[in-house]
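Participant: Okay, so here is model.pdb, and as you'll see once you scroll down, it has PDB, C-alpha atoms.
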ATOM      1  CA  MET J  25      86.339  87.848  75.444
ATOM      2  CA  SER J  26      83.532  89.719  77.188
ATOM      3  CA  GLU J  27      82.179  93.052  76.009
ATOM      4  CA  MET J  28      83.632  94.751  79.096
ATOM      5  CA  ALA J  29      87.085  93.235  78.558
ATOM      6  CA  ASP J  30      86.975  94.200  74.898
ATOM      7  CA  ARG J  31      86.005  97.781  75.787
ATOM      8  CA  TYR J  32      88.906  98.019  78.252
ATOM      9  CA  ARG J  33      91.394  96.747  75.663
ATOM     10  CA  ARG J  34      90.159  99.111  72.979
ATOM     11  CA  ARG J  35      90.352 102.142  75.241
ATOM     12  CA  ALA J  36      93.710 101.091  76.712
ATOM     13  CA  GLU J  37      95.103 100.755  73.189
ATOM     14  CA  ALA J  38      93.857 104.251  72.307
ATOM     15  CA  PHE J  39      95.367 105.670  75.502
ATOM     16  CA  GLU J  40      98.671 103.909  74.888
ATOM     17  CA  ARG J  41      98.897 105.415  71.400
ATOM     18  CA  LYS J  42      98.615 108.850  73.007
ATOM     19  CA  VAL J  43     101.264 108.061  75.628
ATOM     20  CA  VAL J  44     103.668 106.802  72.956
ATOM     21  CA  SER J  45     103.084 109.984  70.914
ATOM     22  CA  VAL J  46     104.090 112.392  73.686
ATOM     23  CA  HIS J  47     107.427 114.057  72.889
ATOM     24  CA  PRO J  48     110.020 113.981  75.704
ATOM     25  CA  ASP J  49     109.809 117.753  76.183
ATOM     26  CA  GLN J  50     105.995 117.651  76.546
ATOM     27  CA  TRP J  51     105.727 115.636  79.763
ATOM     28  CA  SER J  52     105.856 118.731  81.946
ATOM     29  CA  LEU J  53     103.173 120.607  79.986
ATOM     30  CA  PRO J  54     100.013 121.511  81.917
ATOM     31  CA  SER J  55      96.877 119.430  81.382
ATOM     32  CA  PRO J  56      93.182 120.318  81.590
ATOM     33  CA  CYS J  57      93.222 118.672  85.050
ATOM     34  CA  GLU J  58      94.099 121.518  87.383
ATOM     35  CA  LYS J  59      97.549 121.070  88.975
ATOM     36  CA  TRP J  60      98.390 118.063  86.741
ATOM     37  CA  THR J  61     100.990 117.886  84.007
ATOM     38  CA  ALA J  62     100.792 115.474  81.088
ATOM     39  CA  ARG J  63     102.966 113.079  83.103
ATOM     40  CA  ASP J  64     100.583 113.367  86.068
ATOM     41  CA  VAL J  65      97.690 112.262  83.850
ATOM     42  CA  VAL J  66      99.547 109.038  83.050
ATOM     43  CA  ARG J  67     100.525 108.671  86.721
ATOM     44  CA  HIS J  68      96.846 108.880  87.686
ATOM     45  CA  ILE J  69      95.893 106.248  85.128
ATOM     46  CA  VAL J  70      98.623 103.885  86.363
ATOM     47  CA  ASP J  71      97.482 104.491  89.959
ATOM     48  CA  MET J  72      93.897 103.691  88.954
ATOM     49  CA  HIS J  73      95.057 100.391  87.478
ATOM     50  CA  GLU J  74      96.475  99.517  90.880
ATOM     51  CA  ALA J  75      93.220 100.615  92.542
ATOM     52  CA  MET J  76      91.339  98.076  90.398
ATOM     53  CA  LEU J  77      93.691  95.300  91.535
ATOM     54  CA  ARG J  78      93.598  96.114  95.254
ATOM     55  CA  PRO J  79      90.134  94.626  96.005
ATOM     56  CA  LEU J  80      91.440  91.358  94.530
ATOM     57  CA  GLY J  81      94.441  91.308  96.841
ATOM     58  CA  ARG J  82      96.742  92.056  93.928
ATOM     59  CA  SER J  83      99.092  94.914  93.095
ATOM     60  CA  LEU J  84     101.027  96.155  90.111
ATOM     61  CA  GLY J  85     103.975  94.036  89.097
ATOM     62  CA  PRO J  86     107.540  95.342  88.868
ATOM     63  CA  ALA J  87     107.838  98.119  86.287
ATOM     64  CA  PRO J  88     109.642 101.411  85.679
ATOM     65  CA  SER J  89     108.057 104.400  87.383
ATOM     66  CA  VAL J  90     106.010 106.950  85.455
ATOM     67  CA  ASP J  91     108.819 109.419  86.159
ATOM     68  CA  ASP J  92     111.403 107.163  84.532
ATOM     69  CA  ASP J  93     109.394 105.712  81.639
ATOM     70  CA  PRO J  94     105.699 106.598  81.290
ATOM     71  CA  VAL J  95     105.205 104.258  78.318
ATOM     72  CA  ALA J  96     106.665 101.208  80.077
ATOM     73  CA  ALA J  97     104.803 102.044  83.312
ATOM     74  CA  PHE J  98     101.476 102.179  81.503
ATOM     75  CA  ARG J  99     102.129  99.035  79.464
ATOM     76  CA  ALA J 100     103.000  97.080  82.601
ATOM     77  CA  ALA J 101      99.892  98.293  84.453
ATOM     78  CA  ARG J 102      97.767  97.451  81.431
ATOM     79  CA  ALA J 103      99.196  93.905  81.349
ATOM     80  CA  ASP J 104      98.352  93.456  85.048
ATOM     81  CA  VAL J 105      94.710  94.431  84.501
ATOM     82  CA  GLU J 106      94.418  92.365  81.323
ATOM     83  CA  ALA J 107      95.623  89.329  83.308
ATOM     84  CA  VAL J 108      92.583  89.802  85.560
ATOM     85  CA  LEU J 109      90.212  90.211  82.622
ATOM     86  CA  ASP J 110      91.667  87.072  80.979
ATOM     87  CA  ASP J 111      91.024  84.934  84.075
ATOM     88  CA  PRO J 112      87.287  84.218  84.484
ATOM     89  CA  SER J 113      87.688  83.430  88.185
ATOM     90  CA  LEU J 114      89.307  86.823  88.817
ATOM     91  CA  ALA J 115      87.127  88.799  86.407
ATOM     92  CA  GLY J 116      83.991  87.480  88.089
ATOM     93  CA  ARG J 117      85.179  87.831  91.675
ATOM     94  CA  PRO J 118      82.992  90.215  93.697
ATOM     95  CA  CYS J 119      84.739  93.397  94.858
ATOM     96  CA  ASP J 120      83.675  95.931  97.439
ATOM     97  CA  THR J 121      83.710  99.337  95.773
ATOM     98  CA  PRO J 122      82.341 102.819  96.582
ATOM     99  CA  ALA J 123      79.417 101.931  94.274
ATOM    100  CA  GLY J 124      78.699  98.657  96.104
ATOM    101  CA  ARG J 125      79.702  95.039  95.577
ATOM    102  CA  VAL J 126      80.286  94.264  91.885
ATOM    103  CA  PRO J 127      82.353  91.761  89.888
ATOM    104  CA  ALA J 128      85.934  92.913  89.254
ATOM    105  CA  GLU J 129      85.287  93.080  85.521
ATOM    106  CA  ARG J 130      82.371  95.473  86.022
ATOM    107  CA  HIS J 131      84.414  97.608  88.418
ATOM    108  CA  ILE J 132      87.143  97.914  85.778
ATOM    109  CA  ASP J 133      84.532  98.749  83.144
ATOM    110  CA  GLN J 134      82.721 101.380  85.183
ATOM    111  CA  VAL J 135      85.797 103.141  86.535
ATOM    112  CA  LEU J 136      88.983 102.404  84.638
ATOM    113  CA  SER J 137      87.602 102.160  81.104
ATOM    114  CA  ASP J 138      85.850 105.499  81.494
ATOM    115  CA  ASP J 139      89.015 107.000  83.004
ATOM    116  CA  LEU J 140      91.001 105.892  79.955
ATOM    117  CA  LEU J 141      88.478 107.591  77.676
ATOM    118  CA  LEU J 142      88.231 110.875  79.573
ATOM    119  CA  HIS J 143      91.860 111.219  80.623
ATOM    120  CA  GLY J 144      92.850 110.282  77.087
ATOM    121  CA  TRP J 145      91.275 113.604  76.116
ATOM    122  CA  ASP J 146      93.286 115.350  78.842
ATOM    123  CA  LEU J 147      96.555 113.857  77.628
ATOM    124  CA  ALA J 148      95.799 114.551  73.975
ATOM    125  CA  ARG J 149      94.773 118.148  74.650
ATOM    126  CA  ALA J 150      97.838 118.761  76.831
ATOM    127  CA  THR J 151     100.234 117.470  74.158
ATOM    128  CA  PHE J 152      98.629 118.837  70.971
ATOM    129  CA  GLN J 153      97.334 115.468  69.723
ATOM    130  CA  ASP J 154      93.997 114.618  68.129
ATOM    131  CA  ASP J 155      91.592 114.682  71.087
ATOM    132  CA  THR J 156      88.550 113.312  69.266
ATOM    133  CA  MET J 157      86.861 110.565  71.274
ATOM    134  CA  ASP J 158      85.098 107.617  69.693
ATOM    135  CA  PRO J 159      81.497 108.835  69.141
ATOM    136  CA  GLU J 160      79.984 105.572  70.429
ATOM    137  CA  ASP J 161      82.090 105.815  73.590
ATOM    138  CA  VAL J 162      80.945 109.405  74.054
ATOM    139  CA  GLU J 163      77.279 108.429  73.665
ATOM    140  CA  ARG J 164      77.688 105.550  76.108
ATOM    141  CA  ALA J 165      79.485 107.712  78.683
ATOM    142  CA  TRP J 166      76.947 110.533  78.293
ATOM    143  CA  ALA J 167      74.039 108.140  78.852
ATOM    144  CA  ALA J 168      75.723 106.695  81.951
ATOM    145  CA  MET J 169      76.708 110.058  83.448
ATOM    146  CA  THR J 170      73.336 111.714  82.917
ATOM    147  CA  ALA J 171      71.543 108.699  84.400
ATOM    148  CA  LEU J 172      73.394 109.073  87.721
ATOM    149  CA  PRO J 173      71.207 110.149  90.661
ATOM    150  CA  GLY J 174      71.616 113.807  91.552
ATOM    151  CA  ASP J 175      72.894 113.088  95.061
ATOM    152  CA  LEU J 176      75.607 110.803  93.662
ATOM    153  CA  VAL J 177      76.663 113.439  91.115
ATOM    154  CA  GLU J 178      76.906 115.936  93.970
ATOM    155  CA  LYS J 179      79.088 113.495  95.903
ATOM    156  CA  PHE J 180      81.272 113.070  92.807
ATOM    157  CA  ARG J 181      81.704 116.855  92.717
ATOM    158  CA  THR J 182      82.631 117.044  96.426
ATOM    159  CA  PRO J 183      86.416 116.978  96.914
ATOM    160  CA  GLY J 184      87.414 114.261  99.392
ATOM    161  CA  ALA J 185      84.062 112.448  99.370
ATOM    162  CA  PHE J 186      85.766 109.246  98.200
ATOM    163  CA  GLY J 187      88.993 109.738 100.150
ATOM    164  CA  PRO J 188      91.607 112.412 100.828
ATOM    165  CA  GLY J 189      92.497 114.365  97.702
ATOM    166  CA  VAL J 190      90.004 112.474  95.523
ATOM    167  CA  GLU J 191      87.795 114.561  93.235
ATOM    168  CA  VAL J 192      85.803 112.591  90.685
ATOM    169  CA  PHE J 193      84.048 115.464  88.872
ATOM    170  CA  GLY J 194      84.815 119.159  88.912
ATOM    171  CA  PRO J 195      82.106 121.836  88.861
ATOM    172  CA  GLU J 196      80.063 121.652  85.646
ATOM    173  CA  VAL J 197      81.257 124.019  82.918
ATOM    174  CA  SER J 198      78.826 126.024  80.781
ATOM    175  CA  VAL J 199      78.811 125.278  77.066
ATOM    176  CA  GLU J 200      76.562 126.381  74.217
ATOM    177  CA  ASP J 201      73.180 124.624  73.920
ATOM    178  CA  ASP J 202      74.162 123.305  70.501
ATOM    179  CA  ALA J 203      77.638 122.106  71.585
ATOM    180  CA  ARG J 204      78.652 118.703  70.259
ATOM    181  CA  LEU J 205      78.090 115.782  72.602
ATOM    182  CA  GLN J 206      81.810 115.304  73.358
ATOM    183  CA  ASP J 207      82.002 118.893  74.612
ATOM    184  CA  ARG J 208      78.831 118.491  76.680
ATOM    185  CA  LEU J 209      80.242 115.327  78.260
ATOM    186  CA  LEU J 210      83.519 117.046  79.118
ATOM    187  CA  ALA J 211      81.664 120.042  80.547
ATOM    188  CA  PHE J 212      79.467 117.758  82.661
ATOM    189  CA  ILE J 213      82.506 116.221  84.394
ATOM    190  CA  GLY J 214      84.093 119.620  84.938
ATOM    191  CA  ARG J 215      86.379 120.036  81.927
ATOM    192  CA  ASP J 216      86.371 123.140  79.781
ATOM    193  CA  PRO J 217      86.319 121.760  76.207
ATOM    194  CA  ARG J 218      87.814 125.089  75.043
ATOM    195  CA  TRP J 219      90.887 124.626  77.257
ATOM    196  CA  ARG J 220      94.253 124.973  75.526
ATOM    197  CA  PRO J 221      97.767 124.555  76.973
TER     198      PRO J 221
END
Take the structure I supplied and represent it as structure tokens, if you would.

Facilitator:
Amino acid sequence: MSEMADRYRRRAEAFERKVVSVHPDQWSLPSPCEKWTARDVVRHIVDMHEAMLRPLGRSLGPAPSVDDDPVAAFRAARADVEAVLDDPSLAGRPCDTPAGRVPAERHIDQVLSDDLLLHGWDLARATFQDDTMDPEDVERAWAAMTALPGDLVEKFRTPGAFGPGVEVFGPEVSVEDDARLQDRLLAFIGRDPRWRP
């Protein structure tokens, strides 16, 4: 298994644990993502799984909807992406993405794996779970985010730049100079680490 496939699996497992831990009466709670409930966070993650499959001419297999069964919907989407990562011919197939032409495995790593990490915080915070991210994942994400060219970061912060209704980053949030790295990472992408439901 490649490092990228392993990273996806580890983060998907952590996200799934959070989904499984949501109580039935918590799905409608607000999340740190403006206008999204806890259920909407999972819906976005499932939609992003399909977005990773689309450049390969694939789509999500039959599964319950996020409205009917968020756990089953996520597990099915996860299985569809893992099938790609387990097939070297699919994992290595070049895909056209907003960041250029990259192998499918790298596209999944750069977009979906990071989404699982960051939206895992959203889901945990929305539903009163432990929202601590893996420190190594935080360091890796921080290094990647702060290495982005300024014009690309600005594009990420521009609603609709990657399609109607798509907003990658929100406006940066101010945090204390001595804030822990997880909080600085969240603030950089537009989350208020002090947010509470």

Participant: Residues within 7 Å of J:Arg35, please, as a PyMOL selection string. Count all atoms listed in the file; anything in the same chain fewer than 6 positions from it doesn't count.

Facilitator: chain J and resi 137+140-141

Participant: Keeping only C-alpha atoms, take the residues you just selected and write them out as a CSV table (one decimal), keeping the file's coordinate frame.

Facilitator:
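The resulting file, result13.csv, is reproduced below:
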chain,number,residue,atom,x,y,z
J,137,SER,CA,87.6,102.2,81.1
J,140,LEU,CA,91.0,105.9,80.0
J,141,LEU,CA,88.5,107.6,77.7

Participant: Please, what distance in Å, to one decimal, runs between atom CA of J:Asp64 and atom CA of J:Pro127?

Facilitator: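 These two atoms are separated by 28.5 Å.
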
Participant: Would you write out, as a list of chain:residue names, every residue that the PyMOL selection byres ((chain J and resi 74) around 10) captures in this file?

Facilitator: J:His68, J:Ile69, J:Val70, J:Asp71, J:Met72, J:His73, J:Ala75, J:Met76, J:Leu77, J:Arg78, J:Pro79, J:Arg82, J:Ser83, J:Leu84, J:Gly85, J:Ala101, J:Arg102, J:Asp104, J:Val105

Participant: Take the selection from the previous step and output its residues with C-alpha atoms, as a compact mmCIF listing (two decimals), keeping the file's coordinate frame.

Facilitator:
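Writing the result to selection-v8.txt gives the following:
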# COMPACT_ATOMS: atom_id res chain seq x y z
CA HIS J 68 96.85 108.88 87.69
CA ILE J 69 95.89 106.25 85.13
CA VAL J 70 98.62 103.88 86.36
CA ASP J 71 97.48 104.49 89.96
CA MET J 72 93.90 103.69 88.95
CA HIS J 73 95.06 100.39 87.48
CA ALA J 75 93.22 100.62 92.54
CA MET J 76 91.34 98.08 90.40
CA LEU J 77 93.69 95.30 91.54
CA ARG J 78 93.60 96.11 95.25
CA PRO J 79 90.13 94.63 96.00
CA ARG J 82 96.74 92.06 93.93
CA SER J 83 99.09 94.91 93.10
CA LEU J 84 101.03 96.16 90.11
CA GLY J 85 103.98 94.04 89.10
CA ALA J 101 99.89 98.29 84.45
CA ARG J 102 97.77 97.45 81.43
CA ASP J 104 98.35 93.46 85.05
CA VAL J 105 94.71 94.43 84.50

Participant: Which residue gives the smallest distance to J:Glu160 among J:Trp51, J:Glu191, J:Pro112, J:Leu205, with only C-alpha atoms counted?

Facilitator: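 Of J:Trp51, J:Glu191, J:Pro112, J:Leu205, the one nearest J:Glu160 is J:Leu205, counting only C-alpha atoms.
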
Participant: List, as a PDB file with C-alpha atoms, in the coordinates of the input, every residue that the PyMOL selection byres ((chain J and resi 181) around 7) selects in the file provided.

Facilitator:
ATOM      1  CA  VAL J 177      76.663 113.439  91.115  1.00  0.00           C
ATOM      2  CA  GLU J 178      76.906 115.936  93.970  1.00  0.00           C
ATOM      3  CA  LYS J 179      79.088 113.495  95.903  1.00  0.00           C
ATOM      4  CA  PHE J 180      81.272 113.070  92.807  1.00  0.00           C
ATOM      5  CA  THR J 182      82.631 117.044  96.426  1.00  0.00           C
ATOM      6  CA  PRO J 183      86.416 116.978  96.914  1.00  0.00           C
ATOM      7  CA  GLU J 191      87.795 114.561  93.235  1.00  0.00           C
ATOM      8  CA  VAL J 192      85.803 112.591  90.685  1.00  0.00           C
ATOM      9  CA  PHE J 193      84.048 115.464  88.872  1.00  0.00           C
ATOM     10  CA  GLY J 194      84.815 119.159  88.912  1.00  0.00           C
ATOM     11  CA  PRO J 195      82.106 121.836  88.861  1.00  0.00           C
TER      12      PRO J 195
END

Participant: Could you give me, as JSON, numbers by chain, the residues that sit within 9 Å of (89.0, 97.4, 82.0) in the file's coordinates, counting all atoms listed in the file?

Facilitator: {"J": [28, 29, 30, 31, 32, 33, 35, 36, 73, 76, 102, 105, 106, 109, 129, 130, 131, 132, 133, 134, 135, 136, 137, 138, 140]}

Participant: Mind giving me the straight-line distance from atom CA of J:Arg67 to atom CA of J:Pro54 in Å, one decimal?

Facilitator: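 Atom CA of J:Pro54 lies at a distance of 13.7 Å from atom CA of J:Arg67.
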
Participant: So what does the PyMOL selection byres ((chain J and resi 93) around 12) actually pick up in this one, as a list of chain:residue names?

Facilitator: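 Here the PyMOL selection byres ((chain J and resi 93) around 12) matches J:Val43, J:Val44, J:Val46, J:Pro48, J:Trp51, J:Arg63, J:Val66, J:Arg67, J:Val70, J:Ala87, J:Pro88, J:Ser89, J:Val90, J:Asp91, J:Asp92, J:Pro94, J:Val95, J:Ala96, J:Ala97, J:Phe98, J:Arg99, J:Ala100.
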
Participant: Can those selected residues be exported to a file as a tab-separated table (two decimals), in the frame of the given file so that it contains C-alpha atoms?

Facilitator:
chain	number	residue	atom	x	y	z
J	43	VAL	CA	101.26	108.06	75.63
J	44	VAL	CA	103.67	106.80	72.96
J	46	VAL	CA	104.09	112.39	73.69
J	48	PRO	CA	110.02	113.98	75.70
J	51	TRP	CA	105.73	115.64	79.76
J	63	ARG	CA	102.97	113.08	83.10
J	66	VAL	CA	99.55	109.04	83.05
J	67	ARG	CA	100.52	108.67	86.72
J	70	VAL	CA	98.62	103.88	86.36
J	87	ALA	CA	107.84	98.12	86.29
J	88	PRO	CA	109.64	101.41	85.68
J	89	SER	CA	108.06	104.40	87.38
J	90	VAL	CA	106.01	106.95	85.46
J	91	ASP	CA	108.82	109.42	86.16
J	92	ASP	CA	111.40	107.16	84.53
J	94	PRO	CA	105.70	106.60	81.29
J	95	VAL	CA	105.20	104.26	78.32
J	96	ALA	CA	106.66	101.21	80.08
J	97	ALA	CA	104.80	102.04	83.31
J	98	PHE	CA	101.48	102.18	81.50
J	99	ARG	CA	102.13	99.04	79.46
J	100	ALA	CA	103.00	97.08	82.60

Participant: Please, what is the axis-aligned box for every listed atom of stretch 171-190 of chain J with 3 Å on each side, as centre and edge lengths in Å to one decimal, as JSON?

Facilitator:
{"center_x": 81.9, "center_y": 112.9, "center_z": 92.6, "size_x": 27.3, "size_y": 14.3, "size_z": 22.4}

Participant: Please, what distance in Å, to one decimal, runs between atom CA of J:Asp146 and atom CA of J:Gln50?

Facilitator: 13.1 Å

Participant: Tell me which of J:Ala211, J:Ala103, J:Ala123, J:Met157 sits closest to J:Ala38, counting only C-alpha atoms.

Facilitator: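 Of all the options, J:Met157 lies closest to J:Ala38.
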
Participant: Extract, using all atoms listed in the file, all DNA, RNA and protein residues at most 12 Å from J:Arg204, discarding same-chain residues fewer than 6 positions from it, and format them as an MDAnalysis selection string.

Facilitator: chainID J and resid 156:157 159 162:163 166 210:211 217

Participant: Would you put the residues from that selection into a file with C-alpha atoms, as a short mmCIF file (atom, residue, chain, number, x, y, z; two decimals), in the frame of the given file?

Facilitator:
data_model
loop_
_atom_site.label_atom_id
_atom_site.label_comp_id
_atom_site.auth_asym_id
_atom_site.auth_seq_id
_atom_site.Cartn_x
_atom_site.Cartn_y
_atom_site.Cartn_z
CA THR J 156 88.55 113.31 69.27
CA MET J 157 86.86 110.56 71.27
CA PRO J 159 81.50 108.84 69.14
CA VAL J 162 80.94 109.40 74.05
CA GLU J 163 77.28 108.43 73.67
CA TRP J 166 76.95 110.53 78.29
CA LEU J 210 83.52 117.05 79.12
CA ALA J 211 81.66 120.04 80.55
CA PRO J 217 86.32 121.76 76.21
#

Participant: Choose the residue, out of J:Phe186, J:Phe152, J:Gly81, J:Asp120, that has the smallest atom-to-atom separation from J:Pro221; count all atoms listed in the file.

Facilitator: J:Phe152

Participant: Kindly provide, as a list of chain:residue names, the polymer residues lying within 7 Å of (96.1, 110.5, 73.1), counting all atoms listed in the file and using the coordinates exactly as they appear in the file.

Facilitator: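 Nearby residues: J:Ala38, J:Phe39, J:Arg41, J:Lys42, J:Val43, J:Gly144, J:Trp145, J:Leu147, J:Ala148, J:Gln153, J:Asp154, J:Asp155.
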